[in-house]
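Structure, as structure tokens:
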Amino acid sequence: MDTPLIRGIGLGRTYGALTALADADFAVMPGEVRGLIGSNGAGKSTLIKILTGAVAPTSGSVEVKGETVRLGDPSEMIRRGVACIYQHSNLAPAMSVMDNIFLGRQPTGRFGRIDRRRQRADAQALMARHGITLDLDAAVGTLPTVKQKEVEILKALALDARVLLMDEPTGWLSAADVVRLHTTIRGLKADGVAIVYISHMLDEIFTVCDTMTIMRDGRVIAEAKVAEMTRPRVIELMVGEKLARDSAAAARVPRRPGGTGEVRLQVRDLTRTNVFRDVSFDLHAGEILCITGLIGSKRTELMHVLFGADRADSGTIEVDGRPVAFGSPREAMAGGIGFVPEDRHRDGLMLGLSMTENLVMATLSRFCRALLLDHRAIAARSTRSIAELAIQPPDGTKAVRLLSGGNQQKVLVGKWLNLGPRVLILDEPTVGVDVGAKAEIYAILRAERDKGAAILVVSSDLEEVMTLADRIAVMVAGRLVAIHDAEAVTMARVVDEIGGAA
Amino acid sequence: MNASIQAFGRRLAPQALPLAILVIVAAFALSEPAFLTPGNLVGIVRQVAITGIMAIAMTFVIMTGGIDLSVGPVLALSGVVTWFSLDAGVPLPLALGVGLALGIAIGMVNGVIVAFAGLPPIIVTLAMLSVVRGSALILGGPDLHSIRGQEAYSFIGSGSVFGIPVSVLIFAAVAIAMVFVQRATPLGLRVAAIGENERAATLSGHRTRLTKLSLYAISGLGAAIAGIVQSSQVHTASATYGEFGTELDVIAAVVLGGTSLMGGNGSIARTVMGVMFLGVMNNGMNILNVPLDIQLIAKGAIIVLSLALGELKS
Amino acid sequence: MTARSATLALLAFFVATLAFFWFAAPRFATAGNIENLMSGFSFVAILAIGQAFPILLRGIDLSIGAIVALAGMVAFDLVLILHWPGWLVIPAAILAATLAGALNGVLIVRLRLQPFIATLATLAAYRGLVYSISGRQLVPGLSTTPIRDPWITGLESYLDIAGTLGLSDLITLPWVPLSFFVMLAVLAGFQFMLGSTRFGRDLYTVGGNVEAARLAGIAVGRVTIVAYALSGFCAGVAALLLVARLTTATEALGTGMEMSAIAAAVIGGVSLSGGIGSLYGPVIGAFLLGTILIGLTLLGISQFVQQILTGGILLAAVAYDRVLFLRRQRRLTANLGEEA
């Protein structure tokens with residue numbers, strides 16, 4: 001019993017200049033349920049991806065039952081009995097539930113013909129065993145997300161895995177479904193399966209796990225038995241002493257709930273059918289309002305409506321007291337709104353273009369003289385932005401691709417600051433950014449706030465929210481459930497509110 | 001080992017094209033001295049002028065991840081329409097205007113369908129290839145229409161100024177104009193932005209669909225100019241010109257210039273180099289009497305090789 | 001099953017089109033004309049079946065026209081120059097086509113080229129290869145020599161069903177060309193493979209969600225190469241049918257056929273966004289295309305107009321595909337919202 005079922009030794013993974021995971025040791029015994037916790041960007045998902053073979057580590061090795069395995073090959077890991085319930089759906093939408101459950105390994109008979117009868121029987125047995133009911137013939141793409149999640153769970157269970165990795169398995173699930181999943185986990189545990197359970201919900205970790213591994217900034221910070229841990233201690237480890245330091249620093253920076261009192265953005269009863277409803281809040285000049293909540297609580301969708309990328313079905317938005325209805329990002333920008341999107345690679349930056357080009361991308365028309373680009377003005381603007389934001393290296397001709405995550409993010413923020421928006425929205429502004437750059441970005445945002453900017457930040461990172469916000473709004477399942485003055489609220493209270501109503 | 005090869009490839013890739021042109025010119029010059037005469041060199045440029053104009057005009061489209069397969073028939077149609085106009089006694093500038101406007105219009109139809117309806121460019125322009133060819137044939141029939149008594153028109157394709165053929169001058173003018181557009185106007189940056197990241201461009205407030213529409217119009221215009229130059233060069237207009245495979249030459253030139261078909265990363269100046277490379281290859285192989293079939297195979301192999309090199313680069 | 005209802009809708013539309021020309025076009029409703037339709041478009045249907053595989057993977061194969069010429073020329077050379085027996089020539093020509101298709105797949109997988117550009121390049125290269133192996137040019141005089149091998153000419157035979165059943169005195173039924181049965185065999189075999197085997201499921205998975213396929217341990221590269229090889233295989237079969245009909249092969253054989261094949265596949269509901277469609281659709285699509293083209297010819301509409309219409313039909317098919325795609329997307333977002 002001394003050999004771990006799965007073990008990672010000195011695992012590391014870098015993406016360009018960004019270190020996602022460094023020197024992580026990780027082991028799970030048969031019959032052990034190990035919780036894996038940490039803030040966003042702590043390296044949990046990278047670790048999981050290495051263990052499933054989806055990603056090859058840049059250093060270290062993985063052993064299954066004491067044997068070293070070939071890395072970066074999903075089929076190798078499946079063969080060795082490692083299965084994963086992924087956070088994001090990994091299903092083929094046009095195919096039936098039954099085919100998705102046995103993706104790539106449907107039972108076959110003569111002439112390679114799929115044995116439909118056996119496949120159906122197996123699937124039904126599986127559903128009965130785990131108390132899940134699904135229409136096996138429905139195309140997965142036509143199912144609601146919660147049902148898709150159940151397909152994803154069955155798909156992993158169907159592998160009869162010895163090691164089962166679960167990356168936020170309960171997102172979307174109802175309370176009753178979560179209880180059922182936990183019963184399943186206990187059953188598997190009794191069978192000697194090793195389980196890794198990632199969740200943001202500390203409640204779940206304390207309910208179902210035996211042991212836990214806590215990660216921060218790409219490193220394993222602590223390992224412990226759940227029985228020997230308390231919630232406050234876990235939170236402290238997750239966010240680190242840094243929080244103490246930072247919140248002390250944040251305390252020195254006076255918080256300014258309500259800003260100057262001038263309402264820049266007023267949102268009333270904003271509803272997008274089936275997405276979010278009755279969202280109301282005010283954003284003042286000179287304050288930072290953070291909206292926090294779980295992934296899937298529809299914060300990003302709300303921002304998309306504010307930025308004109310989507311439309312609301314009812315409710316009103318006013319900027320500087322004027323009612324607005326933006327039909328496109330272009331109109332929103334003309335109306336004084338800037339938006340730093342969550343995924344800087346997908347939605348924000350032109351990675352192959354230079355820093356300078358990216359910095360003026362949202363304001364091209366201001367750099368035109370008689371239909372021609374004013375390269376001198378562009379260069380001047382770029383030099384100023386680079387200096388103001390302390391972007392490294394200070395060379396505007398460098399392609400953004402070559403910068404570190406933190407500096408890329410600074411370029412993106414700089415691009416929107418150049419617009420001089422009345423309201424600046426930032427969606428997860430520090431995801432995948434190292435600690436130093438995080439602090440710099442906070443400083444930039446605070447400086448803008450002090451100059452009178454109205455800033456709206458969406459963040460799942462509580463550490464960030466507690467550090468940065470003047471006011472904190474909590475969103476749960478498409479509703480804004482509470483707005484607090486940051487000084488008058490504790491982290492524990494916010495944590496409760498985030499998970500509470502789900 | 002593998003990494004060092006890749007690093008080597010990365011360093012070499014940007015210079016590969018000029019180097020390759022030099023090597024090939026040297027090789028041809030050594031094996032056939034006639035290759036290096038001024039007459040032959042100008043001849044090469046004259047031969048590639050038509051393909052070159054189209055390749056330059058299509059570079060932006062390809063930079064945005066699009067493609068325009070319809071250029072061959074557009075070339076034919078604009079030649080035929082211009083011929084009809086001249087034949088009907090329309091004054092030359094107006095006749096040219098009609099031909100060019102038609103190219104722009106077809107390009108805009110492509111652009112509207114691709115940019116606003118969101119249909120895949122390859123299928124849209126493949127369908128348009130068929131539609132435009134059919135239209136050209138209805139208009140002009142399968143026959144050759146010889147152009148007679150149009151001195152001014154013939155000058156476009158066959159005349160020369162200070163010993164330099166007018167078609168070469170037009171090619172150069174188009175190239176210079178488009179290099180200018182890419183370097184000095186916002187359009188150049190908008191095209192690069194779409195190619196790099198269309199979503200981000202939209203979220204930066206760019207009117208990406210309008211931009212794409214205009215790029216297909218430019219490509220259509222390029223094909224129309226090429227059509228006029230060609231019909232004037234051979235003194236005939238025909239609905240069958242720009243036969244299947246023309247677009248392949250054009251795309252090959254753009255791709256050889258290092259423009260990625262996935263979008264982003266492209267330059268007009270390098271397209272011109274790609275055009276010259278193909279021209280030198282064709283001319284050299286003709287001088288050395290390489291049979292047509294080997295030329296075709298070589299062309300395919302060169303495209304694949306250069307693309308694989310591009311892949312190595314990224 | 002939405003895919004099935006889409007196929008049925010297409011079938012209904014096909015029948016309606018057939019009915020229209022039946023009454024509207026002179027000499028459409030004759031046995032001879034139906035024979036023309038069957039023999040003239042069975043090979044298009046086969047090409048469309050082949051084209052369905054790359055499209056299911058969100059790819060495309062533009063080189064099939066050139067592969068048709070290549071397989072045709074291989075058959076031509078083997079029969080007329082090397083005097084191989086027909087029973088050996090048939091598998092050899094199909095093998096050559098399959099290898100050419102597989103090479104497309106290898107270029108796409110190993111060199112990570114876009115399918116469209118890889119097959120555009122091989123379109124040129126294969127066509128060049130055809131010229132260089134062309135027996136018409138290597139051996140003077142052969143260009144006028146017809147292929148008389150019974151195995152190959154036998155592919156161009158007709159079966160008198162009415163006569164066999166002793167009904168010929170009662171009604172005049174069209175004689176069914178053998179090529180039609182070849183098409184049915186190809187359809188049956190590949191539809192079985194696609195619908196009922198692991199490989200077929202894997203193909204749909206790769207087309208529907210590459211990342212999911214990779215994580216499920218499916219060998220994505222191998223599936224891709226096989227898909228393009230199958231496209232080549234179908235082009236080889238189609239080439240033999242064409243050679244049998246013409247009793248010769250030319251360098252220009254198959255030019256432009258990729259367009260008909262792609263159009264037929266897309267009309268047949270094989271979605272360009274990947275992972276959706278069956279093989280019945282492309283076959284119906286091919287005959288729908290054929291009905292329209294032949295019908296229009298009989299109505300006296302010029303070939304040039306038909307060219308325009310082919311383009312128009314292709315555009316309409318992709319537009320329809322796009323509408324379906326957007327509808328699916330909307331349903332997906334609606335589902336996402338349900339739980340919020």
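Ordering of the structure tokens sets the chain letters (A, B, ...), residue numbers begin anew at 1 in every chain, and ligands are numbered from 1 in the order given.
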Sorted by chain and rising residue number, list the residues of chain A at most 10 Å from chain B (counting only C-alpha atoms), each with its closest atom pair and distance in Å to one decimal, as JSON lines.
```
{"residue": "A:Phe307", "atom": "CA", "partner": "B:Leu203", "partner_atom": "CA", "distance": 8.9}
{"residue": "A:Gly308", "atom": "CA", "partner": "B:Leu203", "partner_atom": "CA", "distance": 9.4}
{"residue": "A:Ala309", "atom": "CA", "partner": "B:Leu203", "partner_atom": "CA", "distance": 7.8}
{"residue": "A:Ser328", "atom": "CA", "partner": "B:Gly205", "partner_atom": "CA", "distance": 8.0}
{"residue": "A:Pro329", "atom": "CA", "partner": "B:Gly205", "partner_atom": "CA", "distance": 5.5}
{"residue": "A:Arg330", "atom": "CA", "partner": "B:Gly205", "partner_atom": "CA", "distance": 4.0}
{"residue": "A:Glu331", "atom": "CA", "partner": "B:Gly205", "partner_atom": "CA", "distance": 7.8}
{"residue": "A:Ala332", "atom": "CA", "partner": "B:Gly205", "partner_atom": "CA", "distance": 8.5}
{"residue": "A:Met333", "atom": "CA", "partner": "B:Gly205", "partner_atom": "CA", "distance": 6.8}
{"residue": "A:Ala334", "atom": "CA", "partner": "B:Gly205", "partner_atom": "CA", "distance": 8.8}
{"residue": "A:Gly338", "atom": "CA", "partner": "B:Ser204", "partner_atom": "CA", "distance": 8.8}
{"residue": "A:Phe339", "atom": "CA", "partner": "B:Leu203", "partner_atom": "CA", "distance": 8.1}
{"residue": "A:Val340", "atom": "CA", "partner": "B:Leu203", "partner_atom": "CA", "distance": 9.2}
{"residue": "A:Pro341", "atom": "CA", "partner": "B:Leu203", "partner_atom": "CA", "distance": 8.7}
{"residue": "A:Asp343", "atom": "CA", "partner": "B:Ala200", "partner_atom": "CA", "distance": 10.0}
{"residue": "A:Arg344", "atom": "CA", "partner": "B:Ala200", "partner_atom": "CA", "distance": 8.6}
{"residue": "A:His345", "atom": "CA", "partner": "B:Asn197", "partner_atom": "CA", "distance": 8.6}
{"residue": "A:Arg346", "atom": "CA", "partner": "B:Ala200", "partner_atom": "CA", "distance": 7.0}
{"residue": "A:Asp347", "atom": "CA", "partner": "B:Ala200", "partner_atom": "CA", "distance": 4.4}
{"residue": "A:Gly348", "atom": "CA", "partner": "B:Ala200", "partner_atom": "CA", "distance": 4.9}
{"residue": "A:Leu349", "atom": "CA", "partner": "B:Ala200", "partner_atom": "CA", "distance": 6.3}
{"residue": "A:Met350", "atom": "CA", "partner": "B:Glu196", "partner_atom": "CA", "distance": 5.3}
{"residue": "A:Leu351", "atom": "CA", "partner": "B:Glu196", "partner_atom": "CA", "distance": 7.0}
{"residue": "A:Gly352", "atom": "CA", "partner": "B:Glu196", "partner_atom": "CA", "distance": 6.6}
{"residue": "A:Leu353", "atom": "CA", "partner": "B:Glu196", "partner_atom": "CA", "distance": 7.6}
{"residue": "A:Glu357", "atom": "CA", "partner": "B:Leu189", "partner_atom": "CA", "distance": 7.8}
{"residue": "A:Asn358", "atom": "CA", "partner": "B:Ala193", "partner_atom": "CA", "distance": 8.8}
{"residue": "A:Val360", "atom": "CA", "partner": "B:Ser204", "partner_atom": "CA", "distance": 9.7}
{"residue": "A:Met361", "atom": "CA", "partner": "B:Ser204", "partner_atom": "CA", "distance": 6.6}
{"residue": "A:Ala362", "atom": "CA", "partner": "B:Ser204", "partner_atom": "CA", "distance": 4.7}
{"residue": "A:Thr363", "atom": "CA", "partner": "B:Ser204", "partner_atom": "CA", "distance": 8.2}
{"residue": "A:Leu364", "atom": "CA", "partner": "B:Pro186", "partner_atom": "CA", "distance": 7.0}
{"residue": "A:Ser365", "atom": "CA", "partner": "B:Pro186", "partner_atom": "CA", "distance": 7.9}
{"residue": "A:Phe367", "atom": "CA", "partner": "B:Pro186", "partner_atom": "CA", "distance": 8.7}
{"residue": "A:Cys368", "atom": "CA", "partner": "B:Pro186", "partner_atom": "CA", "distance": 7.4}
{"residue": "A:Arg369", "atom": "CA", "partner": "B:Thr185", "partner_atom": "CA", "distance": 9.5}
{"residue": "A:Ala370", "atom": "CA", "partner": "B:Thr185", "partner_atom": "CA", "distance": 9.6}
{"residue": "A:Leu371", "atom": "CA", "partner": "B:Thr185", "partner_atom": "CA", "distance": 6.5}
{"residue": "A:Leu372", "atom": "CA", "partner": "B:Thr185", "partner_atom": "CA", "distance": 4.6}
{"residue": "A:Leu373", "atom": "CA", "partner": "B:Thr185", "partner_atom": "CA", "distance": 5.1}
{"residue": "A:Asp374", "atom": "CA", "partner": "B:Ala184", "partner_atom": "CA", "distance": 8.1}
{"residue": "A:His375", "atom": "CA", "partner": "B:Ala184", "partner_atom": "CA", "distance": 8.1}
{"residue": "A:Lys415", "atom": "CA", "partner": "B:Ser204", "partner_atom": "CA", "distance": 9.1}
{"residue": "A:Trp416", "atom": "CA", "partner": "B:Ser204", "partner_atom": "CA", "distance": 8.7}
```
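Residues of segment 395-448 of chain A carrying a DSSP assignment of strand (DSSP E), computed from the backbone, are A:Val423, A:Leu424, A:Ile425, A:Leu426, A:Asp427.
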What residues in chain A lie within 6 Å of chain C, counting only C-alpha atoms, written as a CSV table (one decimal) with N, CA and C atoms, in the first residue's frame?
```
chain,number,residue,atom,x,y,z
A,74,PRO,N,-2.4,11.4,-24.2
A,74,PRO,CA,-3.7,11.0,-23.5
A,74,PRO,C,-4.0,9.6,-23.5
A,75,SER,N,-3.7,8.9,-24.7
A,75,SER,CA,-4.1,7.5,-24.8
A,75,SER,C,-3.3,6.6,-23.9
A,90,ASN,N,-15.7,18.3,-22.9
A,90,ASN,CA,-14.9,17.7,-23.9
A,90,ASN,C,-15.7,16.6,-24.6
A,91,LEU,N,-16.8,17.0,-25.2
A,91,LEU,CA,-17.7,16.1,-25.8
A,91,LEU,C,-17.9,16.5,-27.3
A,92,ALA,N,-18.3,15.5,-28.1
A,92,ALA,CA,-18.6,15.8,-29.5
A,92,ALA,C,-20.1,16.1,-29.6
A,104,GLY,N,-14.3,7.0,-28.5
A,104,GLY,CA,-13.1,6.4,-28.9
A,104,GLY,C,-12.9,5.0,-28.5
A,112,GLY,N,-15.6,-5.2,-37.0
A,112,GLY,CA,-15.4,-3.9,-36.4
A,112,GLY,C,-16.7,-3.2,-36.2
A,113,ARG,N,-17.8,-3.9,-36.3
A,113,ARG,CA,-19.1,-3.3,-36.1
A,113,ARG,C,-19.3,-3.0,-34.6
A,114,ILE,N,-19.8,-1.8,-34.3
A,114,ILE,CA,-20.0,-1.5,-32.9
A,114,ILE,C,-21.2,-2.3,-32.4
A,144,PRO,N,-29.1,20.4,-22.0
A,144,PRO,CA,-28.7,21.5,-21.2
A,144,PRO,C,-27.3,21.2,-20.6
A,145,THR,N,-26.6,22.2,-20.2
A,145,THR,CA,-25.3,22.1,-19.7
A,145,THR,C,-25.1,21.1,-18.6
A,274,ASN,N,-32.6,34.2,-19.7
A,274,ASN,CA,-31.8,32.9,-19.5
A,274,ASN,C,-30.4,33.1,-19.1
A,275,VAL,N,-29.9,34.4,-19.0
A,275,VAL,CA,-28.5,34.6,-18.6
A,275,VAL,C,-28.4,35.3,-17.3
A,477,ALA,N,-25.2,33.0,-9.9
A,477,ALA,CA,-26.2,32.4,-10.9
A,477,ALA,C,-27.0,33.5,-11.5
```
Could you list, as an NGL selection string, every residue of chain C that has an atom within 9 Å of an atom of chain B, counting only C-alpha atoms?
-> :C and (107 or 111-114 or 116-118 or 120-132 or 255-256 or 259 or 262-263 or 272 or 302-315 or 318-319 or 322)
Per-residue DSSP, segment 216-342 of chain A, filtered to helix (DSSP H, G or I), as a ChimeraX atom specification | /A:226-228,231-239,241-252,299-306,329-334
May I ask which of the residues B:Val98, B:Ala173, B:Val112, B:Val168 is the closest one to Gln230 of chain B, counting only C-alpha atoms?
-> B:Val168
Residues near Met238 of chain A, cut-off 8 Å, only C-alpha atoms, skip fewer than 6 positions along chain, as a PyMOL selection string | chain A and resi 37-39+214-216
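Atom CA of Leu230 of chain C lies 29.0 Å from atom CA of Ala138 of chain A.
Every protein, DNA or RNA residue with an atom at most 9 Å from segment 294-302 of chain A, where only C-alpha atoms count and chain neighbours fewer than 6 positions away do not, is listed here: Gly171, Trp172, His200, Leu270, Thr271, Arg272, Val275, Phe276, Val279, Asp310, Ala312, Pro341, Glu342, Asp427, Val458, Ser459, Ser460, Met475, Val476, Ala477, Gly478, Arg479, Ile498 and Gly499 of chain A; Ala340 of chain C.
Neighbours of Ala161 of chain A closer than or equal to 8 Å, with only C-alpha atoms counted and sequence neighbours fewer than 5 positions away skipped, come out as A:Ile78, A:Gly81, A:Val82, A:Ala83, A:Ala156, A:Val193.
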How about saving the chosen residues, C-alpha atoms kept, as a PDB file, in the first residue's frame?
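Output file out03.pdb is given in full below:
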```
ATOM      1  CA  ILE A  78      -6.190   6.251 -20.426  1.00  0.00           C
ATOM      2  CA  GLY A  81      -6.380   3.810 -15.979  1.00  0.00           C
ATOM      3  CA  VAL A  82      -6.233   7.568 -15.474  1.00  0.00           C
ATOM      4  CA  ALA A  83      -9.509   9.338 -16.275  1.00  0.00           C
ATOM      5  CA  ALA A 156     -14.887   9.247 -17.010  1.00  0.00           C
ATOM      6  CA  VAL A 193      -9.726   4.249  -6.649  1.00  0.00           C
TER       7      VAL A 193
END
```
Residues within 8 Å of Asp320 of chain A, please, as a PDB file with C-alpha atoms, in the first residue's frame. Count only C-alpha atoms; anything in the same chain fewer than 3 positions from it doesn't count.
```pdb
ATOM      1  CA  VAL A 263     -22.447  58.447 -10.901  1.00  0.00           C
ATOM      2  CA  ARG A 264     -20.682  57.464 -14.129  1.00  0.00           C
ATOM      3  CA  LEU A 265     -22.508  54.247 -14.915  1.00  0.00           C
TER       4      LEU A 265
END
```
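Taking atom CA of Val64 of chain A and atom CA of Leu5 of chain A as the two end points, the separation is 5.5 Å.
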